[in-house]
$ cat data-v1.txt   # compact mmCIF, C-alpha atoms
# COMPACT_ATOMS: atom_id res chain seq x y z
CA MET A 1 0.00 0.00 0.00
CA THR A 2 1.01 3.67 -0.28
CA PRO A 3 3.27 4.56 2.66
CA LEU A 4 2.09 7.20 5.14
CA HIS A 5 5.06 9.49 4.39
CA PRO A 6 5.31 12.35 6.90
CA ALA A 7 4.82 14.96 4.18
CA ALA A 8 1.64 13.24 3.02
CA VAL A 9 0.18 12.14 6.37
CA PRO A 10 -3.52 13.10 6.67
CA ASP A 11 -4.58 15.43 9.48
CA THR A 12 -6.36 12.83 11.61
CA LEU A 13 -6.36 9.16 12.42
CA ALA A 14 -9.78 8.76 10.81
CA ALA A 15 -8.57 10.15 7.46
CA ALA A 16 -5.40 8.05 7.63
CA LEU A 17 -7.38 4.84 8.16
CA VAL A 18 -9.68 5.58 5.21
CA ARG A 19 -6.72 6.30 2.97
CA ALA A 20 -4.83 3.16 4.08
CA ARG A 21 -7.88 0.91 3.61
CA GLU A 22 -8.60 2.31 0.14
CA ALA A 23 -4.94 1.97 -0.87
CA ALA A 24 -5.16 -1.71 0.17
CA CYS A 25 -8.33 -2.08 -1.98
CA LEU A 26 -10.36 -3.36 0.97
CA THR A 27 -13.95 -2.72 1.99
CA GLN A 28 -14.79 -2.12 5.62
CA GLY A 29 -16.19 -5.65 5.74
CA GLU A 30 -13.02 -7.20 4.30
CA LEU A 31 -10.86 -5.23 6.71
CA ALA A 32 -13.07 -6.35 9.59
CA GLU A 33 -12.61 -9.99 8.59
CA ARG A 34 -8.81 -9.62 8.35
CA SER A 35 -8.39 -7.72 11.61
CA GLY A 36 -10.98 -9.45 13.78
CA LEU A 37 -12.71 -6.14 14.56
CA SER A 38 -16.37 -5.48 13.82
CA VAL A 39 -17.50 -3.44 10.82
CA ARG A 40 -19.13 -1.04 13.25
CA ALA A 41 -15.88 -0.50 15.12
CA ILE A 42 -14.04 0.26 11.87
CA ARG A 43 -16.82 2.61 10.73
CA ASN A 44 -16.65 4.51 14.03
CA LEU A 45 -12.87 4.86 13.72
CA GLU A 46 -13.07 6.10 10.13
CA THR A 47 -15.75 8.67 10.96
CA GLY A 48 -14.01 9.90 14.10
CA HIS A 49 -16.82 8.81 16.42
CA THR A 50 -14.42 6.76 18.57
CA ALA A 51 -12.69 9.41 20.64
CA ARG A 52 -10.25 7.09 22.40
CA PRO A 53 -9.55 4.04 20.24
CA ARG A 54 -7.82 1.12 21.91
CA ARG A 55 -4.16 0.77 21.02
CA GLN A 56 -4.60 -2.97 20.44
CA SER A 57 -7.37 -2.26 17.91
CA LEU A 58 -5.09 0.07 15.97
CA LEU A 59 -2.29 -2.52 16.04
CA LEU A 60 -4.64 -5.16 14.62
CA LEU A 61 -5.71 -2.79 11.85
CA ALA A 62 -2.09 -1.89 11.02
CA GLU A 63 -1.23 -5.59 10.72
CA ALA A 64 -4.32 -6.34 8.61
CA LEU A 65 -3.43 -3.43 6.28
CA GLY A 66 0.14 -4.70 5.90
CA LEU A 67 1.73 -1.50 7.21
CA PRO A 68 5.51 -1.64 7.80
CA SER A 69 6.51 -1.21 11.44
CA ARG A 70 7.52 2.46 11.05
CA GLU A 71 4.27 3.36 9.27
CA ALA A 72 2.24 1.49 11.88
CA GLY A 73 3.96 3.39 14.67
CA ARG A 74 3.28 6.69 12.88
CA LEU A 75 -0.38 5.76 12.52
CA LEU A 76 -0.66 5.22 16.27
CA ARG A 77 0.55 8.75 16.95
CA LEU A 78 -1.85 10.59 14.61
CA PRO A 79 -4.30 12.97 16.31
CA ARG A 80 -7.92 11.89 16.70
CA ALA A 81 -10.74 13.97 15.28
CA GLY A 82 -11.16 17.13 17.33
CA SER A 83 -8.05 16.48 19.37
CA PRO A 84 -4.98 18.73 19.57
CA PRO A 85 -2.06 18.01 17.19
CA ALA A 86 0.13 15.04 18.07
CA PRO A 87 3.40 15.70 19.85
CA PRO A 88 6.61 15.55 17.82
CA GLU A 89 7.36 12.08 16.49
CA VAL A 90 9.31 9.78 18.80
CA SER A 91 12.03 7.80 17.09
CA ILE A 92 11.17 4.11 16.75
CA PRO A 93 14.28 1.94 17.26
CA ALA A 94 15.18 -0.40 14.43
CA GLU A 95 18.43 -1.82 15.79
CA LEU A 96 18.53 -5.33 14.35
CA PRO A 97 21.81 -6.12 12.58
CA ALA A 98 21.41 -7.36 9.02
CA ALA A 99 19.87 -10.81 8.67
CA PRO A 100 22.24 -13.59 7.55
CA ARG A 101 22.64 -13.52 3.79
CA HIS A 102 23.41 -17.23 3.54
CA ARG A 103 20.90 -20.06 3.88
CA LEU A 104 20.71 -21.48 7.39
CA VAL A 105 21.02 -25.10 6.38
CA GLY A 106 19.36 -27.51 8.78
CA ARG A 107 17.70 -24.74 10.80
CA ASP A 108 14.37 -24.28 8.97
CA ALA A 109 12.32 -26.05 11.66
CA LEU A 110 13.99 -24.01 14.41
CA VAL A 111 13.31 -20.72 12.62
CA ALA A 112 9.67 -21.75 12.17
CA ASP A 113 9.34 -22.62 15.87
CA LEU A 114 10.81 -19.32 16.99
CA THR A 115 8.78 -17.16 14.61
CA ALA A 116 5.56 -18.97 15.52
CA HIS A 117 6.21 -18.35 19.22
CA LEU A 118 7.15 -14.68 18.77
CA ALA A 119 4.16 -13.98 16.52
CA ARG A 120 1.64 -15.73 18.76
CA PRO A 121 -0.66 -13.27 20.56
CA GLY A 122 -2.51 -13.92 23.80
CA PRO A 123 -1.51 -15.84 26.95
CA GLY A 124 2.03 -17.17 26.98
CA HIS A 125 3.26 -14.55 24.52
CA GLY A 126 5.47 -13.01 27.21
CA ARG A 127 7.59 -16.16 27.59
CA PRO A 128 11.18 -15.38 26.53
CA ALA A 129 12.46 -17.41 23.59
CA VAL A 130 15.94 -18.75 24.41
CA VAL A 131 18.37 -20.38 21.98
CA VAL A 132 21.35 -22.09 23.60
CA GLY A 133 24.27 -23.99 22.08
CA PRO A 134 28.06 -24.41 22.09
CA PRO A 135 30.47 -21.82 20.66
CA GLY A 136 30.16 -21.65 16.87
CA ALA A 137 26.73 -23.32 16.68
CA GLY A 138 25.18 -20.31 14.92
CA LYS A 139 22.99 -18.95 17.73
CA THR A 140 23.31 -15.31 16.64
CA ALA A 141 22.50 -16.08 13.00
CA LEU A 142 19.45 -18.09 14.04
CA VAL A 143 17.95 -15.44 16.33
CA LEU A 144 18.61 -12.67 13.80
CA ARG A 145 16.87 -14.62 11.03
CA ALA A 146 13.86 -15.22 13.31
CA ALA A 147 13.82 -11.59 14.48
CA HIS A 148 13.74 -10.27 10.92
CA GLU A 149 10.91 -12.66 10.07
CA VAL A 150 8.64 -11.14 12.75
CA ARG A 151 9.82 -7.52 13.02
CA GLY A 152 6.69 -6.27 11.23
CA ARG A 153 4.63 -7.46 14.19
CA PHE A 154 6.45 -5.08 16.54
CA PRO A 155 5.66 -1.58 15.24
CA ASP A 156 7.00 0.14 18.38
CA GLY A 157 10.52 -0.96 17.57
CA GLN A 158 13.19 -3.62 17.68
CA VAL A 159 16.08 -3.32 20.15
CA PHE A 160 19.29 -5.35 19.84
CA VAL A 161 21.95 -5.61 22.55
CA ASP A 162 25.15 -7.69 22.53
CA LEU A 163 25.71 -8.38 26.21
CA HIS A 164 29.30 -9.51 25.84
CA PRO A 165 31.14 -7.92 22.93
CA VAL A 166 34.53 -9.54 22.35
CA SER A 167 36.45 -6.39 23.29
CA SER A 168 34.64 -5.43 26.50
CA LEU A 169 33.22 -6.74 29.77
CA PRO A 170 29.74 -8.28 30.00
CA VAL A 171 26.82 -5.86 30.25
CA THR A 172 25.20 -5.91 33.70
CA SER A 173 21.43 -6.05 34.08
CA ASP A 174 21.22 -2.45 35.36
CA VAL A 175 23.26 -1.14 32.43
CA LEU A 176 21.09 -3.18 30.06
CA VAL A 177 17.85 -1.73 31.47
CA ARG A 178 19.06 1.86 31.02
CA ARG A 179 20.35 1.03 27.54
CA ILE A 180 16.93 -0.29 26.41
CA LEU A 181 15.11 2.66 27.99
CA ARG A 182 17.27 5.07 25.98
CA SER A 183 16.45 3.16 22.80
CA LEU A 184 12.75 3.50 23.61
CA GLY A 185 13.04 7.25 24.05
CA ASP A 186 13.36 7.53 27.83
CA ALA A 187 16.28 9.92 27.94
CA PRO A 188 17.72 10.54 30.35
CA ALA A 189 16.75 7.18 31.83
CA ALA A 190 16.21 6.88 35.57
CA GLN A 191 19.45 6.45 37.45
CA ASN A 192 17.85 4.58 40.36
CA PRO A 193 17.97 0.89 39.33
CA GLU A 194 14.56 0.00 40.74
CA GLU A 195 12.89 3.01 39.11
CA ALA A 196 14.56 2.22 35.81
CA ARG A 197 13.30 -1.37 35.91
CA ALA A 198 9.78 -0.19 36.73
CA ARG A 199 9.85 2.22 33.78
CA LEU A 200 11.02 -0.53 31.47
CA ARG A 201 8.30 -2.93 32.61
CA ASP A 202 5.74 -0.19 32.08
CA ALA A 203 7.03 0.52 28.56
CA LEU A 204 7.11 -3.15 27.54
CA SER A 205 3.63 -3.76 28.94
CA ARG A 206 2.11 -0.96 26.84
CA ARG A 207 4.14 -1.09 23.63
CA ARG A 208 4.88 -3.77 21.03
CA VAL A 209 8.65 -4.03 21.14
CA LEU A 210 10.94 -6.90 20.17
CA VAL A 211 14.08 -7.09 22.34
CA VAL A 212 16.88 -9.33 21.04
CA LEU A 213 19.77 -10.15 23.39
CA ASP A 214 22.96 -11.81 22.15
CA ASN A 215 25.64 -13.58 24.20
CA VAL A 216 23.55 -13.82 27.37
CA ASP A 217 25.35 -15.51 30.23
CA SER A 218 22.90 -15.33 33.14
CA GLU A 219 19.22 -15.23 34.00
CA ALA A 220 19.76 -11.89 35.77
CA GLN A 221 20.40 -10.23 32.41
CA VAL A 222 17.00 -11.33 31.08
CA ARG A 223 14.77 -11.18 34.15
CA PRO A 224 14.18 -7.36 34.13
CA LEU A 225 12.55 -7.66 30.68
CA LEU A 226 9.88 -10.17 31.65
CA VAL A 227 6.33 -8.77 31.67
CA ASP A 228 3.30 -11.02 32.13
CA GLY A 229 0.76 -10.72 29.34
CA GLY A 230 2.44 -7.76 27.64
CA PRO A 231 2.55 -7.27 23.87
CA SER A 232 6.37 -7.16 23.70
CA ALA A 233 8.65 -10.14 23.13
CA VAL A 234 12.16 -11.15 24.17
CA LEU A 235 14.48 -13.31 22.02
CA VAL A 236 17.75 -14.54 23.52
CA ALA A 237 20.92 -16.21 22.24
CA ALA A 238 22.50 -17.72 25.36
CA ARG A 239 25.92 -19.17 26.11
CA ARG A 240 24.59 -21.38 28.88
CA GLU A 241 21.37 -23.00 30.01
CA LEU A 242 19.16 -20.43 31.74
CA ALA A 243 17.55 -23.00 33.99
CA ALA A 244 16.31 -20.47 36.57
CA LEU A 245 14.44 -18.42 33.98
CA PRO A 246 10.72 -19.06 34.50
CA ASP A 247 8.62 -20.53 31.71
CA ARG A 248 11.14 -19.96 28.94
CA PHE A 249 10.54 -21.16 25.38
CA GLY A 250 13.84 -22.98 24.94
CA ARG A 251 15.54 -24.46 21.90
CA ARG A 252 18.97 -26.12 21.84
CA ILE A 253 21.17 -26.18 18.75
CA GLY A 254 24.39 -28.01 18.05
CA ALA A 255 26.51 -29.21 15.14
CA LEU A 256 25.06 -30.01 11.72
CA ASP A 257 25.05 -33.58 10.51
CA ARG A 258 27.44 -34.55 7.72
CA GLN A 259 24.89 -34.05 4.93
CA ASP A 260 23.81 -30.59 6.07
CA GLY A 261 27.40 -29.53 6.69
CA HIS A 262 28.33 -30.59 3.15
CA ARG A 263 25.30 -28.75 1.77
CA MET A 264 26.29 -25.58 3.62
CA LEU A 265 29.85 -25.75 2.28
CA ALA A 266 28.53 -26.25 -1.27
CA ASP A 267 26.17 -23.27 -0.89
CA LEU A 268 29.11 -21.02 -0.05
CA ALA A 269 31.98 -22.41 -2.13
CA GLY A 270 29.94 -23.59 -5.09
CA ILE A 271 28.52 -26.98 -5.97
CA ALA A 272 30.97 -27.42 -8.85
CA ARG A 273 33.99 -27.14 -6.56
CA THR A 274 32.69 -29.53 -3.92
CA ARG A 275 31.58 -32.05 -6.56
CA ALA A 276 35.00 -31.89 -8.19
CA GLU A 277 36.69 -32.87 -4.90
CA PRO A 278 34.07 -34.77 -2.87
CA ALA A 279 36.53 -36.45 -0.50
CA ALA A 280 38.27 -33.17 0.26
CA ALA A 281 34.95 -31.38 0.82
CA LEU A 282 33.87 -34.08 3.25
CA ALA A 283 37.22 -33.83 5.05
CA VAL A 284 36.72 -30.06 5.48
CA VAL A 285 33.26 -30.59 6.99
CA GLU A 286 34.59 -33.26 9.34
CA SER A 287 37.50 -31.05 10.44
CA CYS A 288 34.91 -28.36 11.20
CA ALA A 289 33.01 -30.94 13.31
CA GLY A 290 29.82 -29.72 11.63
CA LEU A 291 29.88 -26.39 13.50
CA PRO A 292 28.02 -23.84 11.34
CA LEU A 293 30.49 -21.02 12.13
CA ALA A 294 33.45 -23.22 11.18
CA VAL A 295 31.84 -24.43 7.95
CA HIS A 296 30.80 -20.86 7.13
CA ILE A 297 34.38 -19.63 7.56
CA ALA A 298 35.70 -22.52 5.45
CA GLY A 299 33.21 -21.70 2.68
CA LEU A 300 34.16 -18.01 2.73
CA TRP A 301 37.86 -18.95 2.69
CA LEU A 302 37.30 -20.93 -0.51
CA THR A 303 35.09 -18.22 -2.02
CA ALA A 304 37.84 -15.64 -1.48
CA ARG A 305 40.36 -17.98 -3.18
CA PRO A 306 38.74 -19.33 -6.36
CA HIS A 307 42.19 -20.38 -7.60
CA ARG A 308 42.79 -22.72 -4.63
CA ARG A 309 41.67 -26.34 -4.46
CA VAL A 310 39.33 -27.61 -1.76
CA GLY A 311 42.03 -30.19 -1.00
CA GLU A 312 44.43 -27.44 0.04
CA LEU A 313 42.03 -26.25 2.72
CA ALA A 314 41.45 -29.85 3.82
CA GLU A 315 45.22 -30.26 4.26
CA ARG A 316 45.46 -27.07 6.32
CA LEU A 317 42.65 -28.15 8.62
CA ALA A 318 44.12 -31.64 9.07
CA ASP A 319 46.67 -30.13 11.48
CA GLU A 320 44.80 -30.12 14.80
CA GLY A 321 47.38 -27.88 16.43
CA ASP A 322 46.62 -25.00 14.06
CA ARG A 323 43.04 -25.81 13.08
CA LEU A 324 41.28 -23.23 15.22
CA ARG A 325 43.53 -20.41 14.02
CA SER A 326 43.12 -21.54 10.41
CA LEU A 327 39.35 -21.20 10.74
CA HIS A 328 39.56 -17.43 10.53
CA ILE A 329 38.63 -14.92 7.86
CA GLY A 330 38.16 -11.18 8.29
CA ASP A 331 36.40 -10.60 11.61
CA LEU A 332 35.08 -14.16 11.82
CA SER A 333 37.09 -16.52 14.03
CA LEU A 334 36.18 -19.83 15.65
CA HIS A 335 39.12 -19.38 18.03
CA ALA A 336 37.71 -16.04 19.25
CA SER A 337 34.23 -17.53 19.65
CA VAL A 338 35.49 -20.33 21.91
CA ALA A 339 37.85 -18.02 23.80
CA ALA A 340 35.00 -15.64 24.66
CA CYS A 341 33.07 -18.48 26.32
CA TYR A 342 36.15 -19.96 28.00
CA ARG A 343 37.05 -16.62 29.63
CA LEU A 344 33.69 -16.56 31.43
CA LEU A 345 34.26 -19.93 33.12
CA PRO A 346 35.03 -19.98 36.86
CA PRO A 347 38.56 -21.28 37.61
CA PRO A 348 37.39 -24.74 38.78
CA LEU A 349 35.74 -25.38 35.42
CA ARG A 350 38.82 -24.24 33.48
CA THR A 351 40.96 -26.55 35.61
CA SER A 352 38.57 -29.45 34.97
CA LEU A 353 38.75 -28.93 31.20
CA HIS A 354 42.55 -28.98 31.21
CA GLN A 355 42.66 -32.10 33.35
CA LEU A 356 40.21 -33.83 31.02
CA LYS A 357 41.96 -32.99 27.74
CA PRO A 358 44.17 -36.13 27.74
CA VAL A 359 41.01 -38.27 27.74
CA HIS A 360 40.24 -39.48 24.24
CA GLY A 361 36.57 -39.93 23.47
CA ASP A 362 33.85 -40.25 26.09
CA PHE A 363 34.30 -39.86 29.82
CA GLY A 364 32.17 -39.84 32.94
CA VAL A 365 32.25 -39.59 36.71
CA GLU A 366 34.95 -42.25 37.06
CA GLU A 367 37.38 -40.29 34.87
CA MET A 368 36.57 -37.16 36.87
CA LEU A 369 37.41 -39.02 40.08
CA ALA A 370 40.70 -40.21 38.63
CA ARG A 371 41.83 -36.91 37.10
CA VAL A 372 39.98 -33.98 38.67
CA THR A 373 38.67 -34.55 42.20
CA PRO A 374 38.28 -37.43 44.69
CA SER A 375 34.81 -36.16 45.65
CA ARG A 376 32.04 -37.93 43.72
CA ARG A 377 29.54 -35.19 44.53
CA LEU A 378 31.90 -32.47 43.30
CA ALA A 379 32.69 -34.51 40.17
CA VAL A 380 28.98 -34.74 39.31
CA ASP A 381 28.44 -31.02 39.99
CA LEU A 382 31.39 -30.03 37.79
CA LEU A 383 30.13 -32.19 34.94
CA GLU A 384 26.66 -30.68 35.19
CA GLU A 385 28.04 -27.15 35.18
CA LEU A 386 30.26 -27.87 32.16
CA LEU A 387 27.22 -29.30 30.42
CA HIS A 388 25.06 -26.25 31.18
CA ARG A 389 27.81 -23.92 30.01
CA GLN A 390 28.02 -25.75 26.66
CA MET A 391 31.59 -26.99 27.09
CA ILE A 392 30.66 -30.68 26.93
CA ARG A 393 27.76 -32.68 25.54
CA ALA A 394 26.02 -35.69 27.02
CA GLY A 395 25.90 -38.93 25.08
CA ARG A 396 24.05 -42.17 25.55
CA PRO A 397 24.47 -44.07 28.82
CA ASP A 398 26.92 -46.97 28.78
CA PRO A 399 25.75 -50.59 29.30
CA HIS A 400 25.76 -49.99 33.06
CA GLY A 401 23.45 -46.97 32.74
CA ARG A 402 26.18 -44.40 33.46
CA ILE A 403 25.97 -41.13 31.53
CA ARG A 404 28.94 -40.47 29.25
CA TYR A 405 30.17 -37.05 28.17
CA ARG A 406 32.47 -35.64 25.52
CA LEU A 407 34.18 -32.28 25.01
CA TYR A 408 32.86 -30.30 22.08
CA ASP A 409 35.56 -30.56 19.44
CA ALA A 410 36.25 -26.81 19.25
CA VAL A 411 36.52 -26.67 23.04
CA ARG A 412 38.92 -29.63 23.05
CA LEU A 413 41.11 -27.95 20.44
CA TYR A 414 41.12 -24.66 22.31
CA VAL A 415 42.02 -26.24 25.65
CA THR A 416 44.68 -28.45 24.08
CA HIS A 417 46.32 -25.95 21.73
CA GLY A 418 45.10 -22.45 22.56
CA ALA A 419 44.52 -21.80 26.25
CA ALA A 420 47.19 -21.56 28.92
CA PRO A 421 46.51 -23.92 31.85
CA PRO A 422 45.18 -22.09 34.93
CA ARG A 423 47.20 -21.93 38.11
CA PRO A 424 46.60 -24.94 40.37
CA ARG A 425 44.12 -24.21 43.15
CA PRO A 426 41.68 -26.26 45.26
CA LEU A 427 38.57 -27.24 43.36
CA HIS A 428 35.11 -26.37 44.58
CA CYS A 429 31.71 -26.29 43.00
CA PRO A 430 31.30 -23.07 40.94
$ encode --input "data-v1.txt" --output "structure tokens"
Amino acid sequence: MTPLHPAAVPDTLAAALVRAREAACLTQGELAERSGLSVRAIRNLETGHTARPRRQSLLLLAEALGLPSREAGRLLRLPRAGSPPAPPEVSIPAELPAAPRHRLVGRDALVADLTAHLARPGPGHGRPAVVVGPPGAGKTALVLRAAHEVRGRFPDGQVFVDLHPVSSLPVTSDVLVRRILRSLGDAPAAQNPEEARARLRDALSRRRVLVVLDNVDSEAQVRPLLVDGGPSAVLVAARRELAALPDRFGRRIGALDRQDGHRMLADLAGIARTRAEPAAALAVVESCAGLPLAVHIAGLWLTARPHRRVGELAERLADEGDRLRSLHIGDLSLHASVAACYRLLPPPLRTSLHQLKPVHGDFGVEEMLARVTPSRRLAVDLLEELLHRQMIRAGRPDPHGRIRYRLYDAVRLYVTHGAAPPRPRPLHCP
């Protein structure tokens, strides 16, 4: 439909609705059917007889008319018939980084689940959507793709915050609250932490805002954004399980299987090149352990070097000692991704990882007792914490019913070849 450009915006909400409906070639009856409002309600809005229209009604109309988020927000601020002129326009945040340009192979079902949850109105809509996975699993790409799919349903803005940029310390919950308030136009934001949190809850309960948080490391960073029954939504890419977060909509992601990893490499490097050297292409995917970030970097490396054979990259990645550093191009680095997660670990967990690195393959409580600590209870607690922090994965129980674990391959490489061992100190549960 014709955009409601500021220079062409009608004087009142009633006139704007008539113009938008006619531009969409809809009758009042057809618009009523699309929006779920009654014909009478729409007629009263278009004639100016409804002095104080409900915000939710206007949001439903904007969605039914297919208005982009900025135009929908502008529609909400138009003066009603007989009312004084609207205050100056408040900037609507549109902070989402660009959506991934490449196909997210093997993630279609996950994107569909996330978008369905975020777009679902009514009870349960306020549940935060949390994506968790090991370093390099593609959490950021997944949440950005889902966020772009639903951004039109959040006309009051989309806010994006990276809570742990590589070059700085993690963002605390109080800093995060003030940061989001500034994005929503509350400047200067309240300096008192409790007042700031109250203002943010009030804003999110009245406005349709999508908040996307990347590199979340604790429930405390998310909790201030939770509003029961509000129209806003929260989407999180987390580095660890947020088990204490109430009623979260959680999805776990991990490595791609061999077929999807090969398909992703072919998408980036070209089908002709991977078909010409199928064994080498498979070796590259296996060296990447199916991690989407690693395969993505490998594909970009080949794309930037059309004169090089796939086999040359396979030979480079065959050297485990230099594999992590070889998986680097531009500002993308698997080594940096793992290092960022490793640096957040408490010392006992770092020590445990270094003491486990000589173990080849699966391990369990018995190996922890032999190498890490004589306390069975502490051994179990350390394993659980490493699991929640996405450093290890759980496999199938052995014939005796004992759970077996394994280091994620990128973590194993980093601990073995990239990280300096921590100073010895007594172990305790983190």
$ atom_distance --input "data-v1.txt" --atom1 "atom CA of Gln28 of chain A" --atom2 "atom CA of Asp156 of chain A"
25.4 Å
$ closest_residue --input "data-v1.txt" --among "A:Met391, A:Val130, A:Ile271, A:Leu37" --to "Phe249 of chain A" --atoms "all atoms listed in the file"
A:Val130
$ closest_residue --input "data-v1.txt" --among "A:Arg343, A:Arg305, A:Asp202, A:Arg127" --to "Asp228 of chain A" --atoms "all atoms listed in the file"
A:Arg127
$ closest_residue --input "data-v1.txt" --among "A:Val132, A:Arg182, A:Leu300, A:Gly106" --to "Asp257 of chain A" --atoms "all atoms listed in the file"
A:Gly106
$ atom_distance --input "data-v1.txt" --atom1 "atom CA of Leu204 of chain A" --atom2 "atom CA of Gly48 of chain A"
28.2 Å
$ residues_around --input "data-v1.txt" --residues "Pro278 of chain A" --least-positions-apart "4" --cutoff "12 Å" --atoms "only C-alpha atoms" --output "ChimeraX atom specification"
/A:262-263,265-266,271-274,282-285,309-311,314
$ residues_around --input "data-v1.txt" --residues "Leu110 of chain A" --least-positions-apart "5" --cutoff "12 Å" --atoms "all atoms listed in the file" --output "PDB file with C-alpha atoms, in the coordinates of the input"
ATOM      1  CA  LEU A 104      20.710 -21.480   7.390  1.00  0.00           C
ATOM      2  CA  VAL A 105      21.020 -25.100   6.380  1.00  0.00           C
ATOM      3  CA  THR A 115       8.780 -17.160  14.610  1.00  0.00           C
ATOM      4  CA  ALA A 116       5.560 -18.970  15.520  1.00  0.00           C
ATOM      5  CA  HIS A 117       6.210 -18.350  19.220  1.00  0.00           C
ATOM      6  CA  ALA A 129      12.460 -17.410  23.590  1.00  0.00           C
ATOM      7  CA  VAL A 130      15.940 -18.750  24.410  1.00  0.00           C
ATOM      8  CA  VAL A 131      18.370 -20.380  21.980  1.00  0.00           C
ATOM      9  CA  VAL A 132      21.350 -22.090  23.600  1.00  0.00           C
ATOM     10  CA  GLY A 138      25.180 -20.310  14.920  1.00  0.00           C
ATOM     11  CA  LYS A 139      22.990 -18.950  17.730  1.00  0.00           C
ATOM     12  CA  ALA A 141      22.500 -16.080  13.000  1.00  0.00           C
ATOM     13  CA  LEU A 142      19.450 -18.090  14.040  1.00  0.00           C
ATOM     14  CA  VAL A 143      17.950 -15.440  16.330  1.00  0.00           C
ATOM     15  CA  ARG A 145      16.870 -14.620  11.030  1.00  0.00           C
ATOM     16  CA  ALA A 146      13.860 -15.220  13.310  1.00  0.00           C
ATOM     17  CA  PHE A 249      10.540 -21.160  25.380  1.00  0.00           C
ATOM     18  CA  GLY A 250      13.840 -22.980  24.940  1.00  0.00           C
ATOM     19  CA  ARG A 251      15.540 -24.460  21.900  1.00  0.00           C
ATOM     20  CA  ARG A 252      18.970 -26.120  21.840  1.00  0.00           C
ATOM     21  CA  ILE A 253      21.170 -26.180  18.750  1.00  0.00           C
ATOM     22  CA  GLY A 254      24.390 -28.010  18.050  1.00  0.00           C
TER      23      GLY A 254
END
$ closest_atom_pairs --input "data-v1.txt" --of "segment 122-229 of chain A" --to "segment 315-339 of chain A" --cutoff "10 Å" --atoms "all atoms listed in the file" --output "CSV"
residue,atom,partner,partner_atom,distance
A:Pro134,CA,A:Val338,CA,8.5
A:Pro135,CA,A:Val338,CA,5.4
A:Gly136,CA,A:Leu334,CA,6.4
A:Ala137,CA,A:Ser337,CA,9.9
A:Val166,CA,A:Ala336,CA,7.9
